[in-house]
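Participant: The following file, run-v8.cif, comprises mmCIF, C-alpha atoms and all ligand atoms:
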data_query
loop_
_atom_site.label_atom_id
_atom_site.label_comp_id
_atom_site.auth_asym_id
_atom_site.auth_seq_id
_atom_site.Cartn_x
_atom_site.Cartn_y
_atom_site.Cartn_z
CA MET A 1 79.12 103.70 93.11
CA ILE A 2 81.74 104.22 95.83
CA HIS A 3 84.67 105.99 94.20
CA PHE A 4 88.23 105.20 95.12
CA ASN A 5 89.01 108.85 95.80
CA VAL A 6 87.10 112.12 96.03
CA PRO A 7 89.27 115.22 96.51
CA PRO A 8 88.74 116.88 99.91
CA TYR A 9 86.48 119.93 100.00
CA LEU A 10 85.52 121.54 103.27
CA GLY A 11 83.58 124.62 102.13
CA LYS A 12 85.88 127.61 102.62
CA GLU A 13 88.06 126.85 99.57
CA ILE A 14 85.89 128.91 97.18
CA GLU A 15 85.78 131.86 99.55
CA TYR A 16 89.56 131.86 99.85
CA ILE A 17 90.04 131.57 96.10
CA LYS A 18 87.69 134.55 95.70
CA GLN A 19 89.80 136.43 98.24
CA ALA A 20 92.96 135.64 96.28
CA VAL A 21 91.28 137.03 93.14
CA GLU A 22 90.12 140.16 94.98
CA ASN A 23 93.64 140.64 96.36
CA LYS A 24 94.64 141.06 92.68
CA LYS A 25 97.50 138.70 93.37
CA ILE A 26 96.93 135.37 91.69
CA CYS A 27 100.55 134.61 90.81
CA GLY A 28 102.92 132.87 93.21
CA ASP A 29 103.94 133.87 96.73
CA GLY A 30 100.78 135.83 97.52
CA GLU A 31 98.95 135.93 100.85
CA PHE A 32 97.75 132.31 100.80
CA THR A 33 101.07 130.84 99.73
CA LYS A 34 102.69 132.65 102.66
CA LYS A 35 99.98 131.38 105.01
CA CYS A 36 100.51 127.80 103.83
CA ASN A 37 104.31 128.09 104.19
CA ARG A 38 103.91 129.47 107.69
CA TRP A 39 101.39 126.76 108.62
CA LEU A 40 103.82 124.08 107.47
CA GLU A 41 106.70 125.68 109.36
CA GLU A 42 104.70 126.01 112.56
CA HIS A 43 103.27 122.50 112.43
CA THR A 44 106.47 120.70 111.52
CA GLY A 45 109.15 122.87 113.08
CA THR A 46 111.17 122.83 109.84
CA SER A 47 113.52 125.77 109.19
CA LYS A 48 111.76 126.57 105.94
CA ALA A 49 108.78 125.32 103.95
CA LEU A 50 108.24 126.44 100.36
CA LEU A 51 105.05 125.62 98.51
CA THR A 52 105.78 124.15 95.08
CA THR A 53 103.85 123.14 91.99
CA SER A 54 104.09 119.46 92.95
CA CYS A 55 105.93 116.95 95.08
CA THR A 56 107.72 115.93 91.89
CA HIS A 57 109.06 119.48 91.63
CA ALA A 58 109.94 119.61 95.34
CA THR A 59 112.02 116.46 94.80
CA GLU A 60 113.64 117.99 91.71
CA MET A 61 114.55 121.02 93.81
CA ALA A 62 116.04 118.76 96.48
CA ALA A 63 118.10 116.94 93.82
CA LEU A 64 119.39 120.27 92.45
CA LEU A 65 120.14 121.66 95.92
CA SER A 66 122.00 118.44 96.73
CA ASP A 67 124.09 118.95 93.60
CA ILE A 68 123.23 115.51 92.21
CA LYS A 69 125.23 115.02 89.01
CA GLU A 70 125.81 112.64 86.16
CA GLY A 71 127.21 109.36 87.44
CA ASP A 72 126.04 109.79 91.05
CA GLU A 73 124.04 107.00 92.62
CA VAL A 74 120.89 107.43 94.66
CA ILE A 75 119.40 104.68 96.82
CA MET A 76 115.64 104.23 97.05
CA PRO A 77 112.96 101.54 97.07
CA SER A 78 111.63 100.22 93.77
CA TYR A 79 108.15 100.13 95.23
CA THR A 80 107.36 103.84 94.78
CA PHE A 81 105.92 106.42 92.41
CA VAL A 82 107.96 107.31 89.31
CA SER A 83 108.62 110.87 90.55
CA THR A 84 110.88 109.62 93.35
CA ALA A 85 113.28 108.35 90.68
CA ASP A 86 112.61 110.93 87.94
CA ALA A 87 113.94 113.83 90.00
CA PHE A 88 117.39 112.19 90.17
CA VAL A 89 117.39 110.60 86.72
CA LEU A 90 116.83 114.10 85.30
CA ARG A 91 120.17 115.10 86.86
CA GLY A 92 121.91 112.14 85.23
CA ALA A 93 122.07 110.02 88.37
CA ARG A 94 121.73 106.26 88.45
CA VAL A 95 119.04 104.85 90.67
CA VAL A 96 119.94 101.94 92.95
CA PHE A 97 116.87 100.10 94.17
CA VAL A 98 116.87 98.01 97.31
CA ASP A 99 114.20 95.68 98.61
CA ILE A 100 111.34 96.66 100.92
CA ARG A 101 110.12 95.31 104.24
CA PRO A 102 106.95 93.26 103.80
CA ASP A 103 105.28 94.68 106.93
CA THR A 104 105.32 98.37 105.95
CA MET A 105 106.26 98.26 102.24
CA ASN A 106 109.02 100.75 103.13
CA ILE A 107 112.69 100.47 102.17
CA ASP A 108 114.43 97.82 104.27
CA GLU A 109 116.83 99.89 106.36
CA ASN A 110 119.03 96.84 106.90
CA LEU A 111 119.78 96.49 103.17
CA ILE A 112 120.83 100.08 102.49
CA GLU A 113 124.43 99.97 103.65
CA ASP A 114 125.35 97.09 101.36
CA ALA A 115 124.14 99.11 98.34
CA ILE A 116 126.45 102.06 99.05
CA THR A 117 129.38 102.60 96.68
CA GLU A 118 131.82 105.51 96.31
CA LYS A 119 129.35 107.00 93.83
CA THR A 120 126.44 107.07 96.27
CA LYS A 121 125.25 110.62 97.02
CA ALA A 122 121.84 110.27 98.63
CA ILE A 123 119.27 107.99 100.23
CA VAL A 124 115.62 108.59 99.45
CA PRO A 125 113.27 106.91 101.91
CA VAL A 126 109.61 106.86 100.87
CA HIS A 127 107.11 106.85 103.74
CA TYR A 128 104.53 104.56 102.19
CA ALA A 129 100.92 105.04 103.29
CA GLY A 130 102.10 107.79 105.66
CA ILE A 131 103.86 105.22 107.87
CA ALA A 132 107.46 106.16 108.60
CA CYS A 133 110.59 104.36 107.44
CA GLU A 134 113.09 103.42 110.17
CA MET A 135 114.65 106.87 110.10
CA ASP A 136 116.99 106.48 113.10
CA LYS A 137 118.86 103.73 111.30
CA ILE A 138 118.75 105.53 107.93
CA ILE A 139 120.13 108.79 109.39
CA GLU A 140 122.83 106.86 111.25
CA ILE A 141 123.98 105.21 107.98
CA ALA A 142 123.79 108.51 106.08
CA ASP A 143 125.85 110.34 108.71
CA ARG A 144 128.50 107.64 108.74
CA HIS A 145 128.84 107.72 104.93
CA ARG A 146 128.22 111.47 104.53
CA LEU A 147 125.13 110.99 102.39
CA ILE A 148 122.22 113.35 101.90
CA VAL A 149 118.76 112.15 102.99
CA ILE A 150 115.77 113.32 100.97
CA GLU A 151 112.46 112.11 102.37
CA ASP A 152 109.69 111.42 99.90
CA ALA A 153 106.98 112.33 102.38
CA ALA A 154 104.36 112.85 99.65
CA GLN A 155 101.97 110.69 101.68
CA GLY A 156 103.27 111.70 105.08
CA VAL A 157 101.82 115.12 105.95
CA MET A 158 100.75 115.02 109.65
CA SER A 159 102.55 111.71 110.34
CA THR A 160 105.38 111.42 112.85
CA TYR A 161 108.31 109.15 113.69
CA HIS A 162 109.22 109.16 117.40
CA GLY A 163 107.49 112.50 117.65
CA LYS A 164 109.21 114.07 114.64
CA PRO A 165 107.06 115.11 111.67
CA LEU A 166 107.89 113.20 108.49
CA GLY A 167 109.75 115.42 106.06
CA THR A 168 111.77 117.11 108.82
CA ILE A 169 114.11 114.26 109.70
CA GLY A 170 116.33 114.20 106.60
CA ASP A 171 118.04 117.13 104.90
CA TYR A 172 114.99 117.73 102.71
CA GLY A 173 111.37 116.62 102.89
CA CYS A 174 108.96 116.57 99.98
CA TYR A 175 105.18 116.82 100.45
CA SER A 176 102.42 116.36 97.89
CA PHE A 177 99.11 118.21 97.76
CA HIS A 178 97.85 116.37 94.70
CA GLU A 179 94.12 115.69 94.71
CA THR A 180 94.70 112.11 95.84
CA LYS A 181 96.57 113.15 98.98
CA ASN A 182 95.20 113.99 102.45
CA TYR A 183 95.39 117.75 101.88
CA SER A 184 95.01 119.08 98.40
CA MET A 185 95.37 122.03 96.04
CA GLY A 186 94.71 120.04 92.86
CA GLU A 187 98.36 119.88 91.89
CA GLY A 188 100.96 121.05 94.37
CA GLY A 189 103.55 120.21 96.95
CA ALA A 190 106.10 121.63 99.35
CA LEU A 191 109.80 121.43 99.99
CA LEU A 192 110.92 121.34 103.63
CA ILE A 193 114.49 122.47 104.22
CA LYS A 194 116.41 121.60 107.36
CA ASP A 195 119.68 123.49 106.84
CA GLU A 196 119.13 127.25 107.06
CA SER A 197 122.12 127.93 104.84
CA LYS A 198 120.26 126.28 101.93
CA ILE A 199 117.16 128.47 102.15
CA GLU A 200 118.41 131.29 99.96
CA ASP A 201 119.61 128.87 97.26
CA ALA A 202 116.19 127.20 97.34
CA GLU A 203 114.36 130.52 96.97
CA ILE A 204 116.55 131.47 94.01
CA LEU A 205 116.07 128.09 92.35
CA ARG A 206 112.29 128.29 92.79
CA GLU A 207 112.16 131.84 91.33
CA LYS A 208 113.83 131.24 87.95
CA GLY A 209 117.32 131.76 89.30
CA THR A 210 116.59 135.26 90.55
CA ASN A 211 116.79 136.82 94.02
CA ARG A 212 113.21 138.04 93.72
CA SER A 213 112.21 136.66 97.15
CA LYS A 214 114.82 138.89 98.78
CA PHE A 215 113.55 141.83 96.72
CA PHE A 216 109.98 141.26 97.94
CA ARG A 217 111.19 141.22 101.52
CA GLY A 218 112.82 144.59 100.90
CA GLN A 219 116.31 143.21 101.52
CA ILE A 220 117.59 144.44 98.15
CA ASP A 221 116.31 147.27 95.92
CA LYS A 222 116.32 145.42 92.59
CA TYR A 223 116.38 141.81 91.69
CA THR A 224 118.53 140.05 89.18
CA TRP A 225 119.48 136.70 87.68
CA VAL A 226 121.98 135.13 90.07
CA ASN A 227 121.97 131.38 89.33
CA TYR A 228 120.28 128.63 87.32
CA GLY A 229 116.67 128.10 88.25
CA SER A 230 113.18 127.21 87.21
CA SER A 231 109.61 128.09 88.11
CA TYR A 232 108.46 125.95 91.00
CA LEU A 233 105.97 128.28 92.64
CA PRO A 234 102.23 127.65 92.41
CA SER A 235 99.47 130.20 91.81
CA ASP A 236 98.04 131.80 94.95
CA MET A 237 94.59 130.52 93.87
CA ASN A 238 95.78 126.96 94.37
CA ALA A 239 97.34 127.89 97.69
CA ALA A 240 93.99 129.39 98.73
CA TYR A 241 92.31 126.02 98.18
CA LEU A 242 95.00 124.30 100.23
CA TYR A 243 94.87 126.79 103.09
CA ALA A 244 91.21 126.01 103.73
CA GLN A 245 92.29 122.42 104.30
CA LEU A 246 95.40 123.07 106.36
CA GLU A 247 93.25 125.16 108.71
CA ASN A 248 91.17 122.03 109.19
CA ALA A 249 94.04 119.56 109.17
CA GLU A 250 93.10 118.06 112.53
CA LEU A 251 89.50 117.52 111.42
CA ILE A 252 90.56 115.84 108.18
CA ASN A 253 93.17 113.73 109.97
CA ASN A 254 90.69 112.52 112.60
CA LYS A 255 88.09 111.67 109.99
CA ARG A 256 90.59 109.66 107.97
CA LEU A 257 91.86 107.88 111.08
CA SER A 258 88.33 106.89 112.05
CA ILE A 259 87.77 105.34 108.61
CA TRP A 260 91.14 103.57 108.82
CA ASN A 261 90.29 102.16 112.26
CA GLN A 262 86.85 101.08 111.07
CA TYR A 263 88.46 99.11 108.24
CA TYR A 264 91.06 97.64 110.57
CA GLU A 265 88.54 96.46 113.16
CA GLY A 266 86.08 95.25 110.52
CA LEU A 267 88.65 93.22 108.62
CA LYS A 268 90.66 91.91 111.59
CA GLU A 269 88.83 88.57 111.65
CA LEU A 270 89.88 87.93 108.03
CA GLU A 271 93.48 88.50 109.05
CA ASP A 272 93.12 86.31 112.13
CA SER A 273 91.81 83.48 109.98
CA GLY A 274 94.81 83.83 107.63
CA LYS A 275 92.85 85.04 104.60
CA ILE A 276 94.30 88.53 104.22
CA GLU A 277 97.01 90.71 105.76
CA LEU A 278 96.49 94.18 107.19
CA PRO A 279 98.98 97.06 107.37
CA ALA A 280 101.46 97.20 110.26
CA VAL A 281 102.27 100.38 112.17
CA PRO A 282 105.65 99.95 113.91
CA ASP A 283 106.34 101.34 117.39
CA GLY A 284 107.14 105.03 117.33
CA CYS A 285 105.12 105.69 114.17
CA VAL A 286 102.00 107.82 114.31
CA HIS A 287 100.34 107.76 110.91
CA ASN A 288 97.88 109.98 109.06
CA ALA A 289 95.61 107.31 107.56
CA HIS A 290 96.75 108.22 104.07
CA MET A 291 95.82 104.80 102.82
CA PHE A 292 94.11 101.60 103.82
CA TYR A 293 95.40 98.56 102.02
CA ILE A 294 94.93 94.84 102.42
CA LYS A 295 97.01 92.02 100.98
CA ALA A 296 95.42 89.07 99.27
CA ARG A 297 97.30 85.76 99.20
CA HIS A 298 98.45 86.19 95.58
CA LEU A 299 97.93 88.13 92.36
CA GLU A 300 95.13 85.95 91.03
CA GLU A 301 93.11 86.31 94.21
CA ARG A 302 93.67 90.07 94.23
CA THR A 303 92.45 90.36 90.63
CA LYS A 304 89.27 88.45 91.54
CA LEU A 305 88.70 90.55 94.64
CA ILE A 306 89.04 93.83 92.72
CA ALA A 307 86.55 92.48 90.13
CA HIS A 308 84.17 91.33 92.87
CA LEU A 309 84.19 94.78 94.47
CA LYS A 310 83.70 96.44 91.09
CA GLU A 311 80.63 94.30 90.41
CA ASN A 312 79.29 95.57 93.71
CA GLY A 313 79.91 99.22 92.85
CA ILE A 314 83.15 99.68 94.77
CA GLN A 315 86.34 101.03 93.21
CA ALA A 316 89.40 99.37 94.71
CA VAL A 317 92.80 99.58 93.05
CA PHE A 318 96.24 98.03 93.14
CA HIS A 319 99.26 100.27 93.44
CA TYR A 320 102.84 100.60 92.16
CA ILE A 321 104.39 98.32 89.60
CA PRO A 322 107.99 98.05 90.87
CA LEU A 323 110.14 100.62 89.06
CA HIS A 324 113.03 98.24 88.41
CA THR A 325 110.76 96.17 86.15
CA ALA A 326 109.64 99.18 84.06
CA PRO A 327 111.46 100.15 80.82
CA ALA A 328 112.85 103.38 82.34
CA GLY A 329 113.80 101.58 85.54
CA ILE A 330 115.87 99.12 83.53
CA LYS A 331 117.46 101.97 81.60
CA PHE A 332 118.23 104.27 84.52
CA GLY A 333 118.65 101.95 87.47
CA ARG A 334 119.63 98.65 88.93
CA PHE A 335 118.30 96.50 91.74
CA HIS A 336 120.91 95.81 94.39
CA GLY A 337 120.56 92.44 96.07
CA GLU A 338 117.62 90.13 95.72
CA ASP A 339 114.03 91.15 95.04
CA VAL A 340 112.46 89.02 97.76
CA TYR A 341 109.48 91.19 98.67
CA THR A 342 109.16 94.12 96.24
CA THR A 343 107.46 92.23 93.39
CA ARG A 344 105.73 89.62 95.51
CA GLU A 345 104.14 92.03 97.97
CA SER A 346 103.24 94.60 95.29
CA GLU A 347 101.22 91.91 93.50
CA ARG A 348 99.20 91.15 96.63
CA LEU A 349 98.41 94.68 97.75
CA MET A 350 95.16 96.50 97.02
CA ARG A 351 93.87 99.82 98.28
CA LEU A 352 90.34 100.43 99.53
CA PRO A 353 88.53 103.80 99.17
CA LEU A 354 89.62 106.28 101.84
CA TYR A 355 88.85 109.98 101.62
CA TYR A 356 87.53 112.78 103.79
CA GLY A 357 83.95 112.56 102.47
CA LEU A 358 83.63 108.75 102.74
CA LYS A 359 80.67 107.88 104.96
CA LYS A 360 80.70 105.40 107.81
CA GLU A 361 77.90 103.39 106.16
CA GLU A 362 79.86 103.25 102.90
CA THR A 363 82.93 101.94 104.73
CA GLU A 364 80.68 99.30 106.30
CA VAL A 365 79.40 98.26 102.85
CA ILE A 366 83.00 97.90 101.62
CA ILE A 367 83.97 95.79 104.64
CA ASP A 368 80.92 93.55 104.11
CA ASN A 369 81.80 93.07 100.46
CA VAL A 370 85.39 92.10 101.22
CA LYS A 371 84.11 89.63 103.82
CA GLY A 372 81.50 88.36 101.35
CA PHE A 373 84.25 87.55 98.85
CA TYR A 374 86.07 85.35 101.36
CA GLN A 375 82.98 83.43 102.46
C1 LIG B 401 101.89 111.37 95.01
C2 LIG B 401 103.29 110.97 95.15
C3 LIG B 401 104.32 111.65 94.49
C4 LIG B 401 104.09 112.73 93.48
O1 LIG B 401 103.38 113.81 93.96
P1 LIG B 401 102.96 114.98 92.94
O2 LIG B 401 102.55 116.07 93.86
O3 LIG B 401 101.84 114.45 92.12
O4 LIG B 401 104.15 115.34 92.14
C5 LIG B 401 105.63 111.26 94.73
N1 LIG B 401 105.91 110.25 95.56
C6 LIG B 401 104.95 109.55 96.20
C7 LIG B 401 105.34 108.44 97.12
C8 LIG B 401 103.61 109.88 96.01
O5 LIG B 401 102.66 109.18 96.63
#
Please, can you express the file's structure as structure tokens?
Ligand SMILES: *Cc1c(COP(=O)(O)O)cnc(C)c1O
Facilitator:
Amino acid sequence: MIHFNVPPYLGKEIEYIKQAVENKKICGDGEFTKKCNRWLEEHTGTSKALLTTSCTHATEMAALLSDIKEGDEVIMPSYTFVSTADAFVLRGARVVFVDIRPDTMNIDENLIEDAITEKTKAIVPVHYAGIACEMDKIIEIADRHRLIVIEDAAQGVMSTYHGKPLGTIGDYGCYSFHETKNYSMGEGGALLIKDESKIEDAEILREKGTNRSKFFRGQIDKYTWVNYGSSYLPSDMNAAYLYAQLENAELINNKRLSIWNQYYEGLKELEDSGKIELPAVPDGCVHNAHMFYIKARHLEERTKLIAHLKENGIQAVFHYIPLHTAPAGIKFGRFHGEDVYTTRESERLMRLPLYYGLKKEETEVIIDNVKGFYQ
């Protein structure tokens, strides 16, 4: 059986977790959390990175820091994970979905401006499969309309757009370290903050509304409750697991890219003969091989292909059901303009196994089975 995903494990994770335990500091913001934050800051150039309990929570923090309120509107694609919308719906905002581009499955930057109203507060681009949205255009629109940009870069760690790391281009960037992502701590994420003046507010929010972070740095001699807040900091044991992977980020990235390229080269002839479509990587985008997907001609064919692979011991899966068609999407949002690609493309897309431990021979078997189906 070739599983769809196996969480990454490089070997040092257990040693680091043991170290965290021996440090007698297993709560948040211990040695490993600090190391992860610093790694993220050094590798992305962001003003501040804060490890969180999930990408969902990082996005919630971004919504709170952006002062999203009841009645505000937030623009995002419908083809995304529920958390992208949840973070804003929790603040009472209305979600405005716009269509995606069929080549990258990312929000169509040319449809955003038409969806802006006087209630619009933020744009939330989602970098699907670790391939960047057209950020130059999105930032230009946001600047002109004074909107906040919150990047859902859950899948985008180690990807860049014209040389800039994803998550550092907008006002806030949200990373995920869930077990299905390139780098993992089981459950976890990070918030990247561009504006230095927001760092203190973010630290307070993450530490139950207290100025405890300042206290730990010795900047004040007792800490107190200064604002509303919650608990968004992960255990240092989880951070220890992640740090072992961040240290080897290049190794993991290269391995994933080699699998991605193997799929691409192996399946190219099926694309050339018009049977399937392969992902596009626009100019200026360097991706992290978060995902390899193919598109069948239609839903029925995709269903048969997934079943065919399953019969041959391969787990392949489809992905998001567009949010605007879900009960909560209908309740909390609206689709602006016409759904030309969101539903149609989502019904054709399927993801093939891609994880750090996947062997070259296994990838070959998967390619052969996809080809076998089309013969
Ligand atoms: C995985 C993912 C999330 C949620 O990440 P968690 O860390 O599980 O909260 C949000 N958005 C996208 C696009 C994702 O892929």
Participant: Which residues, written as a VMD selection string, have at least one atom at most 9 Å from Leu267 of chain A, with all atoms listed in the file counted and residues fewer than 2 positions away on the same chain left out?
Facilitator: chain A and resid 262 to 265 269 to 272 276 278 294 367 to 368 370 to 371
Participant: Could you check which of A:Trp225, A:Phe177, A:Tyr341, A:Tyr356 is closest to ligand LIG 401 (chain B), using all atoms listed in the file?
Facilitator: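 For ligand LIG 401 (chain B), the nearest of the given residues is A:Phe177.
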Participant: Find the residues around Val74 of chain A up to 9 Å (all atoms listed in the file counted), leave out those fewer than 4 positions away in its own chain, and share them as a list in words.
Facilitator: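 In the requested format, the answer is Ile68, Ala85, Phe88, Ala93, Arg94, Val95, Val96, Phe97, Ile116, Lys119, Thr120, Lys121, Ala122, Ile123 and Val124 of chain A.
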Participant: Around ligand LIG 401 (chain B), at most 7 Å away and counting all atoms listed in the file, which residues are there? Put them as a list in words, please.
Facilitator: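 The residues near ligand LIG 401 (chain B) are Ser54, Cys55, Thr56, His57, Thr80, Phe81, Ser83, Thr84, Val126, Tyr128, Asp152, Ala153, Ala154, Gln155, Ser176, Phe177, His178, Lys181, Glu187, Gly188 and Gly189 of chain A.
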Participant: Quick one: 8 Å padding each side, axis-aligned, all listed atoms of segment 6-24 of chain A - centre and edge lengths in Å to one decimal, as JSON?
Facilitator:
{"center_x": 89.1, "center_y": 126.6, "center_z": 98.0, "size_x": 27.1, "size_y": 44.9, "size_z": 26.6}
Participant: Do you know which residues are at most 9 Å from segment 17-22 of chain A counting all atoms listed in the file, after dropping those on the same chain fewer than 5 positions away, and could you put them as a ChimeraX atom specification?
Facilitator: /A:12,30-32,236-241
Participant: Have a look at A:Gly229, A:Asp29, A:Thr46, A:Gly337 and name the one nearest to Asn110 of chain A; count only C-alpha atoms.
Facilitator: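 Closest to Asn110 of chain A of all the choices is A:Gly337.
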